[in-house]
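Colleague: Mind looking over this structure? Questions follow.
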Amino acid sequence: MIAELGHYALVLALGLALVQACVPLYGARKNDPVLMSVAAPAAIAQFGFVAFAFGALVICYVTSDFSVVNVFENSHSAKPLIYKITGVWGNHEGSMLLWVLILSVFGALVAIFGSNLPARLRANVLAVQSWVAFTFYLFILATSNPFLRLSPAPIEGRDLNPILQDPGLAIHPPMLYVGYVGLSISFSFALAALIEGRIDAAWARWVRPWTLLAWMFLTAGIAMGSYWAYYTLGWGGWWFWDPVENASLMPWIAATALLHSAVVMEKRNALKVWTILLAILAFSLSLVGTFLVRSGVLTSVHTFASDPARGMFILMILVLFIGGGLALFALRAPLLKQGGLFAPISREGALVFNNLFLVSACAAVFVGTLYPLALEAVTGEKISVGAPFFNMTFWPLFVPLLIAAPFGPLLAWKRGDLLGVAQRLVGAAALAVIGIAVTFAAEGGGPVLIPFAFGLAIFVIAGALTDLVERTALLRVPLGTAFARARGLPRSAWGTALAHMGLGVTLLGIIGETQLGSERIAEIKPGQSISIRRYDLHFDDIVQRQGPNYSETAARFTVRRGGDVIGTMEPSKRTFPSRGSGTTESALMRRGVGQLYLSLGDLNPDGSIAVRLYHKPLVLMIWLGAIVMVIGGGLSLSDRRLRVGAPKPARGKAVMQPAE
Amino acid sequence: MRVVCSILIALTLLSAPQALAVQPDEILPDTALEGRARALSKELRCMVCQNQSIDDSDAPLARDLRLIVRERLKEGDSDRQVIDFLVARYGEFVLLKPRVALHTALLWFGPPALLCGGALALLLIARRRTRRGSDDQAKPEGGNLTPAEQARLAHLLKSES
C-alpha cells in the first residue's frame with residue numbers, strides 16, 4: 001500500500017509541476033499578481049509530495065518489502081539499517097528519486113526565501129525550475145519507476161552491491177546531487193532573466209548565494225567521493241579521470257567560473273551576457289553528467305542503442321534544456337545592456353582571465369570525456385582517453401590559474417597596478433623560492449618539476465594570506481588595530497582567501513601523493529616483516545571474524561618506527577554470501593598529514609598473503625584543501641551582503657562601507 | 001568516485017573493482033626495467049575494463065598485458081617499440097593517450113584552440129569598446145529616466161544630503 005501511495009504522490013507532483021510550469025509564467029507575462037503567486041505554494045507542495053514519495057520508498061526499504069522490485073533487487077533483510085536506508089539511492093531508480101527530491105527542496109527554498117525577489121522574477125524562476133522538475137518526474141514515472149511491484153513477492157532480496165555498503169554512500173551521492181541540482185537554480189534565474197529581457201547587478205547578488213551553495217556541496221561531494229575511492233579500491237588511487245568523475249568535475253569547474261564572473265557582474269555590472277551563458281552551461285553540464293551516468297552510454301555506445309528507453313529520454317531532456325536555453329540566450333542576450341568598462345589589468349581583467357582558462361580546462365575535460373563516444377558513433381573507430389591524456393591537457397590550462405590566483409584579489413577594480421601587486425607578492429614569491437630550494441636540495445636530482453610544483457603550491461597559499469595581511473595591514477599597524485581590521489573585513493574576503501588557500505593545500509597533497517610516495521608489493525607469511533621508508537610492519541597473524549552480513553579475513557600487523565611500536569594495522573577481505581562477492585578493506589594509519597596504506601591481495605595455499613603497502617606523504621592535504629575551500633565558501637555565504645533576504649543596511653552605513 | 005561508477009554500472013555489469021593489480025610474482029628484479037614497465041603500464045588500457053590502466057586492473061587480460069610489456073622490455077625493446085608492438089596487436093584502443101593524428105586533432109587541439117580563440121575574441125571586444133568607450137561612459141546606463149523615477153531620484157538625493 002505504501003508503495004502505491006508513494007507512486008501516487010509522485011504523479012500528483014507531476015501534475016502540480018505542470019501547473020507551476022505554466023501558470024506563473026503566464027501571470028508574469030500578463031502582470032497578474034494572482035497567477036504569479038501560484039508559484040510559491042505550488043513549489044512548496046511539490047516538495048511535500050516528492051518528500052512523501054521518497055519517504056514511502058525509504059519505508060519499503062526499511063521494512064524489507066521485497067514485493068517492490070526495486071527493494072528486491074537492491075536490499076537484503078540482514079543488511080544493517082543504515083545501508084537499508086542508503087541503499088535507497090544506491091541504484092538507478094532510487095537515485096533519480098533523490099535527484100528530484102533535492103530539486104524540489106531547492107524549488108521550495110526559493111519559494112520560501114525568495115520573498116524579497118521582484119514578483120515577476122520569482123514567478124519566472126519558479127516556473128523554469130518546474131519545467132526541469134516536470135521532465136524529470138515524467139522520466140521517473142515513464143522509464144524508472146521505483147514503486148513497481150513483483151508478484152509473487154520473493155522471500156529475500158538480492159542485496160546491495162557490497163562495495164556500496166559503506167558510510168560513503170550515505171554522504172557522497174546526496175552531497176553531489178545537492179551540487180548538481182543546486183545549479184538548476186542558477187539556470188532558472190538565467191532563463192527567467194532572459195524571459196524578462198532585463199538583468200542587473202541585483203540579479204547577480206541573488207544568484208550568487210545559490211551558486212555558492214551548489215559549489216560548496218559539489219566541492220565537498222567530489223572530495224568525499226575521491227576519499228571513498230581512495231580507501232575502498234585498495235591501491236590508493238584518488239582520482240582516475242573516469243568519465244563519471246569528469247561528469248562531476250565539469251559542473252564544478254563551470255560553477256567556479258560562474259562564481260567569479262558573478263562577482264564582476266555584482267560589483268561592476270559587467271560581463272552580464274557571459275554570466276548568463278555560464279549559468280546555462282553550468283547546469284547543462286550537470287545534465288550532461290546525469291546523461292552520461294544514467295544512459296549507459298559509457299559502457300558502450302551499443303548498450304545505449306540496445307536499451308534506448310532511458311538514454312533516449314534523458315537525451316531528449318538534454319536537448320530540450322540545453323538547446324532551449326541556448327536558443328533563448330541567442331534570441332534575448334542582445335537585449336541585455338553591457339555595462340562597466342575596465343582596463344585589461346584590473347580585478348575584472350583577472351576574473352576574465354580566470355574564466356577564460358577555467359572554461360578551456362573544462363573544455364579539455366569535456367572533449368576528453370565525450371570524444372571517444374563521438375568518434376565511435378561517427379566512424380566506428382575505437383580510441384581510449386584516460387588519465388595520461390587528461391594530465392597532459394588539463395594541467396597546462398590549470399597551472400596559469402594557480403599562478404594568477406594570488407594576483408586577482410590584490411588588483412584594484414577598473415584599473416589595476418600589476419607592478420604594485422607584484423611588489424606586494426614579493427614575500428609570497430620569496431617563500432615559494434625557499435620552498436623550491438629546499439625541495440630541490442632534499443630531492444637531490446629527482447625530476448625538476450617537483451620543486452617547482454611545491455613552489456607553486458606555496459605561492460598560492462602565501463599569496464592568499466598576503467591578501468589578508470594587506471587588508472588588515474598586519475605588520476604595518478599595531479596588532480590590536482590589525483585584529484580590529486580583521487574583524488571588520490567582509491566575510492567574503494575571508495572566503496576568497498580561504499578558497500584560494502585550499503587550492504594550494506590540495507595541490508601540496510597532490511604533489512606529495514603522486515611524486516613523493518613509495519610502494520611495496522610483496523608476498524609474506526605470518527611472522528615476516530615488510531618495511532617502507534622508516535616503518536617496519538610485522539605480520540602477526542590472520543584472524544577470521546563475522547560481521548552482520550559478511551565474514552571477514554583480517555591480517556594483523558604491528559607497525560614499528562625505528563624499533564618503537566606505534567600501532568597496529570588490520571587490513572581485511574570481506575565476503576558477502578548474499579551476492580557471492582566481496583570487498584577489500586584497506587588499513588590506514590595517519591602520520592601527520594600523510595598516511596600508511598596497507599591492503600590485502602590473495603591468500604595463497606602456503607599461508608602467505610599478497611600485500612600492497614604504500615607510504616603516502618601529505619596525502620590528506622588533498623581533501624583537507626577541499627575542506628578549506630568549503631569553509632571559505634561557507635564564510636562567503638554567511639556574508640550579510642549576500643544573504644538572501646538580509647535586511648538592507650541603513651543608508652548612511654552603506655556609504656561608509658569600504659569600497660572593495 | 002570510481003565507486004559511483006559502480007553505483008551506476010555495477011548493476012548491469014559484473015564488475016570486479018577490487019584490484020590488486022601488479023602481483024608480486026610479476027615484478028622484475030631489475031628496478032630500472034621494472035620502473036619503466038610500471039610507467040608504461042599506466043599508459044595502457046585494460047581493454048575489458050572501464051577506463052582502467054593495466055597497472056590498476058586485476059583482470060586476467062591486464063596481467064597478460066603486463067607480462068607482455070615486461071617480456072618485451074627484457075628483450076631490450078625501447079618504450080616506443082613496446083607501445084608499437086601492442087598497438088599493432090590490439091589497435092589504438094589500448095592507448096590511454098591517443099596518438100596525435102587527423103582523427104584525434106579535435107581532441108588534442110580543441111581546448112587550446114578555444115583558449116586562443118577566446119583570448120582573441122576578448123582582445124577584439126576590448127579594442128572595440130575602448131574605441132567607443134568615451135561615448136558609452138557619457139550616457140547613463142538604462143536610458144532615460146521616467147518622470148516618476150526622476151522625482152524619486154531627486155527625493156532620494158535630497159534626503160541623503
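Chains: A, B, ... in order of the C-alpha cells. Residues: from 1 per chain. Ligands: from 1, in order shown.
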So that I can see what lies close to segment 37-46 of chain B, please list as a list of chain:residue names the residues with an atom at most 7 Å from it, counting only C-alpha atoms and leaving out residues fewer than 4 positions away in the same chain.

Modeller: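 Here the answer would be A:Pro388, B:Leu33, B:Asn51, B:Gln52, B:Ser53, B:Ile54, B:Asp55, B:Ser57, B:Leu61, B:Ala62, B:Arg66, B:Val69, B:Arg70, B:Val94, B:Leu95, B:Leu96, B:Lys97.
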
Colleague: Select, as a compact mmCIF listing (two decimals) with C-alpha atoms, in the first residue's frame, those residues of chain A with any atom no more than 6 Å from chain B (distances computed using only C-alpha atoms).

Modeller:
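So the final result, stored in result_2.txt, reads:
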```
# COMPACT_ATOMS: atom_id res chain seq x y z
CA GLY A 90 22.35 3.06 -4.39
CA GLY A 225 33.88 10.55 -3.37
CA SER A 226 37.57 10.80 -4.03
CA ALA A 229 37.53 5.59 -3.76
CA LEU A 233 39.65 0.42 -4.03
CA GLU A 245 34.26 11.62 -12.18
CA SER A 360 39.23 25.98 -21.55
CA ALA A 363 36.52 22.04 -22.45
CA ALA A 364 39.58 19.79 -22.20
CA VAL A 367 36.29 16.81 -25.14
CA LYS A 382 37.59 2.98 -31.02
CA ILE A 383 40.08 5.01 -29.05
CA SER A 384 40.68 5.35 -25.32
CA VAL A 385 41.15 8.59 -23.49
CA GLY A 386 42.44 8.14 -19.98
CA PRO A 388 47.67 10.27 -19.23
CA PHE A 389 45.71 12.38 -21.74
CA ILE A 521 54.31 -5.16 -3.13
CA ALA A 522 55.20 -8.48 -1.56
CA GLY A 601 45.59 -9.41 -2.06
```

Colleague: If you count only C-alpha atoms, which residues fall within 12 Å of Ala123 of chain A, apart from same-chain ones fewer than 6 positions away, as a tab-separated table (two decimals) with C-alpha atoms, in the first residue's frame?

Modeller:
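Once written, result-v6.tsv looks like this:
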```
chain	number	residue	atom	x	y	z
A	20	GLN	CA	3.69	25.59	-11.71
A	21	ALA	CA	5.45	25.48	-15.07
A	22	CYS	CA	2.69	27.34	-16.92
A	23	VAL	CA	0.50	29.49	-14.70
A	24	PRO	CA	3.15	31.76	-13.09
A	25	LEU	CA	4.79	32.26	-16.48
A	26	TYR	CA	1.53	33.42	-17.99
A	27	GLY	CA	0.91	35.54	-14.91
A	28	ALA	CA	4.31	37.21	-15.27
A	29	ARG	CA	3.57	37.96	-18.89
A	30	LYS	CA	0.17	39.47	-18.09
A	31	ASN	CA	1.45	41.07	-14.92
A	32	ASP	CA	-1.23	39.28	-12.94
A	33	PRO	CA	-0.16	39.01	-9.28
A	34	VAL	CA	-2.70	36.31	-8.50
A	35	LEU	CA	-1.45	33.97	-11.19
A	36	MET	CA	2.16	34.72	-10.29
A	37	SER	CA	1.50	33.95	-6.64
A	38	VAL	CA	0.55	30.39	-7.58
A	39	ALA	CA	4.24	29.57	-7.96
A	40	ALA	CA	5.42	29.67	-4.34
A	41	PRO	CA	2.75	27.46	-2.70
A	42	ALA	CA	2.93	25.08	-5.67
A	43	ALA	CA	6.70	24.72	-5.20
A	107	GLY	CA	12.30	24.94	-5.51
A	110	VAL	CA	13.44	29.71	-3.48
A	111	ALA	CA	9.73	29.93	-2.72
A	114	GLY	CA	12.75	34.44	-2.30
A	115	SER	CA	10.15	36.75	-0.85
A	117	LEU	CA	12.73	38.96	-5.15
A	129	GLN	CA	12.50	25.31	-12.11
A	130	SER	CA	9.26	23.46	-12.55
A	188	SER	CA	16.36	29.05	-13.72
A	189	PHE	CA	17.49	32.54	-12.75
A	191	LEU	CA	16.37	31.79	-18.08
A	192	ALA	CA	14.00	33.95	-16.06
A	193	ALA	CA	16.23	36.96	-16.72
A	195	ILE	CA	12.48	35.74	-20.50
A	196	GLU	CA	12.11	39.14	-18.88
```

Colleague: Quick one: pick out all alpha helix (DSSP H) residues within segment 228-398 of chain A from a backbone DSSP run and write them as JSON, numbers by chain.

Modeller: {"A": [228, 229, 230, 231, 232, 243, 244, 245, 246, 247, 248, 249, 250, 251, 252, 253, 254, 255, 256, 257, 258, 259, 260, 261, 262, 263, 264, 265, 266, 267, 268, 272, 273, 274, 275, 276, 277, 278, 279, 280, 281, 282, 283, 284, 285, 286, 287, 288, 289, 290, 291, 292, 293, 294, 301, 302, 303, 304, 305, 306, 308, 309, 310, 311, 312, 313, 314, 315, 316, 317, 318, 324, 325, 326, 327, 328, 329, 330, 331, 332, 347, 348, 349, 350, 351, 352, 353, 354, 355, 356, 357, 358, 359, 360, 361, 362, 363, 364, 365, 366, 367, 368, 369, 370, 371, 372, 373, 374, 375, 376, 377, 378, 379, 387, 388, 389, 390, 391, 392, 393, 394, 395, 396, 397, 398]}

Colleague: Skipping near chain neighbours, those fewer than 2 positions away, what residues fall within 12 Å of Glu348 of chain A using only C-alpha atoms, listed as an MDAnalysis selection string?

Modeller: chainID A and resid 260:271 340:346 350:355 407:416

Colleague: Since we have the selection now, will you write its residues out, keeping C-alpha atoms, as a PDB file, in the first residue's frame?

Modeller:
```pdb
ATOM      1  CA  HIS A 260      33.886  34.522 -10.337  1.00  0.00           C
ATOM      2  CA  SER A 261      32.019  36.150 -13.195  1.00  0.00           C
ATOM      3  CA  ALA A 262      29.004  36.818 -10.960  1.00  0.00           C
ATOM      4  CA  VAL A 263      31.322  38.840  -8.722  1.00  0.00           C
ATOM      5  CA  VAL A 264      32.192  41.093 -11.646  1.00  0.00           C
ATOM      6  CA  MET A 265      28.553  41.436 -12.511  1.00  0.00           C
ATOM      7  CA  GLU A 266      27.501  42.258  -8.995  1.00  0.00           C
ATOM      8  CA  LYS A 267      30.270  44.744  -8.298  1.00  0.00           C
ATOM      9  CA  ARG A 268      30.754  46.325 -11.683  1.00  0.00           C
ATOM     10  CA  ASN A 269      27.651  45.483 -13.691  1.00  0.00           C
ATOM     11  CA  ALA A 270      29.857  43.993 -16.426  1.00  0.00           C
ATOM     12  CA  LEU A 271      30.041  40.534 -18.047  1.00  0.00           C
ATOM     13  CA  GLY A 340      31.134  48.686 -16.649  1.00  0.00           C
ATOM     14  CA  LEU A 341      34.255  49.330 -18.676  1.00  0.00           C
ATOM     15  CA  PHE A 342      37.586  48.151 -17.356  1.00  0.00           C
ATOM     16  CA  ALA A 343      41.230  48.038 -18.344  1.00  0.00           C
ATOM     17  CA  PRO A 344      42.792  44.646 -19.123  1.00  0.00           C
ATOM     18  CA  ILE A 345      44.925  44.869 -15.978  1.00  0.00           C
ATOM     19  CA  SER A 346      42.267  45.109 -13.295  1.00  0.00           C
ATOM     20  CA  ALA A 350      41.858  38.967 -13.692  1.00  0.00           C
ATOM     21  CA  LEU A 351      38.415  37.435 -13.327  1.00  0.00           C
ATOM     22  CA  VAL A 352      38.033  37.317 -17.106  1.00  0.00           C
ATOM     23  CA  PHE A 353      41.409  35.565 -17.260  1.00  0.00           C
ATOM     24  CA  ASN A 354      40.133  33.129 -14.656  1.00  0.00           C
ATOM     25  CA  ASN A 355      37.019  32.460 -16.716  1.00  0.00           C
ATOM     26  CA  PHE A 407      47.216  38.358  -8.111  1.00  0.00           C
ATOM     27  CA  GLY A 408      43.470  38.610  -8.679  1.00  0.00           C
ATOM     28  CA  PRO A 409      42.223  39.659  -5.231  1.00  0.00           C
ATOM     29  CA  LEU A 410      45.047  42.207  -4.882  1.00  0.00           C
ATOM     30  CA  LEU A 411      44.278  44.027  -8.113  1.00  0.00           C
ATOM     31  CA  ALA A 412      42.056  47.089  -7.964  1.00  0.00           C
ATOM     32  CA  TRP A 413      38.758  47.288  -9.795  1.00  0.00           C
ATOM     33  CA  LYS A 414      38.640  49.104 -13.135  1.00  0.00           C
ATOM     34  CA  ARG A 415      42.365  49.762 -13.471  1.00  0.00           C
ATOM     35  CA  GLY A 416      44.944  47.805 -11.552  1.00  0.00           C
TER      36      GLY A 416
END
```

Colleague: Which residues are close to segment 453-470 of chain A, i.e. within 9 Å by only C-alpha atoms, leaving aside same-chain residues fewer than 6 positions away? Reply as a ChimeraX atom specification.

Modeller: /A:399,402-407,409-410,424-425,427-437,439,482,486,489,493-494,496-508,511-512

Colleague: When distances are computed from only C-alpha atoms, which of A:Ser67, A:Thr379, A:Thr290, A:Thr568 shows the smallest separation from Tyr177 of chain A?

Modeller: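 When distances to Tyr177 of chain A are compared using only C-alpha atoms, the smallest one comes from A:Thr290.
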
Colleague: For segment 577-580 of chain A, work out the shell of residues within 7 Å, counting only C-alpha atoms and skipping chain neighbours fewer than 5 positions away, then give it as a VMD selection string.

Modeller: chain A and resid 158 to 159 550

Colleague: For the selection just defined, write its residues with C-alpha atoms to a file, as an mmCIF file, in the first residue's frame.

Modeller:
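Result file is out_36.cif:
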```cif
data_model
loop_
_atom_site.group_PDB
_atom_site.id
_atom_site.type_symbol
_atom_site.label_atom_id
_atom_site.label_comp_id
_atom_site.auth_asym_id
_atom_site.auth_seq_id
_atom_site.Cartn_x
_atom_site.Cartn_y
_atom_site.Cartn_z
ATOM 1 C CA ARG A 158 19.406 -9.693 -3.812
ATOM 2 C CA ASP A 159 21.300 -7.320 -1.556
ATOM 3 C CA TYR A 550 29.585 -10.762 5.868
#
```

Colleague: Can you work out which one of A:Gln515, A:Asn246, A:Asn74, A:Ser184 has the shortest atom-to-atom distance to Ala279 of chain A, counting only C-alpha atoms?

Modeller: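 For Ala279 of chain A, the nearest of the candidates is A:Ser184.
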
Colleague: Would you mind reading off the distance between atom CA of Gly517 of chain A and atom CA of Leu401 of chain A, one decimal, in Å?

Modeller: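 Pair atom CA of Gly517 of chain A / atom CA of Leu401 of chain A returns 26.0 Å.
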
Colleague: Go ahead and compute the interatomic distance for atom CA of Leu10 of chain A and atom CA of Ser144 of chain A, in Å to one decimal.

Modeller: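 For atom CA of Leu10 of chain A relative to atom CA of Ser144 of chain A, the distance reads 12.2 Å.
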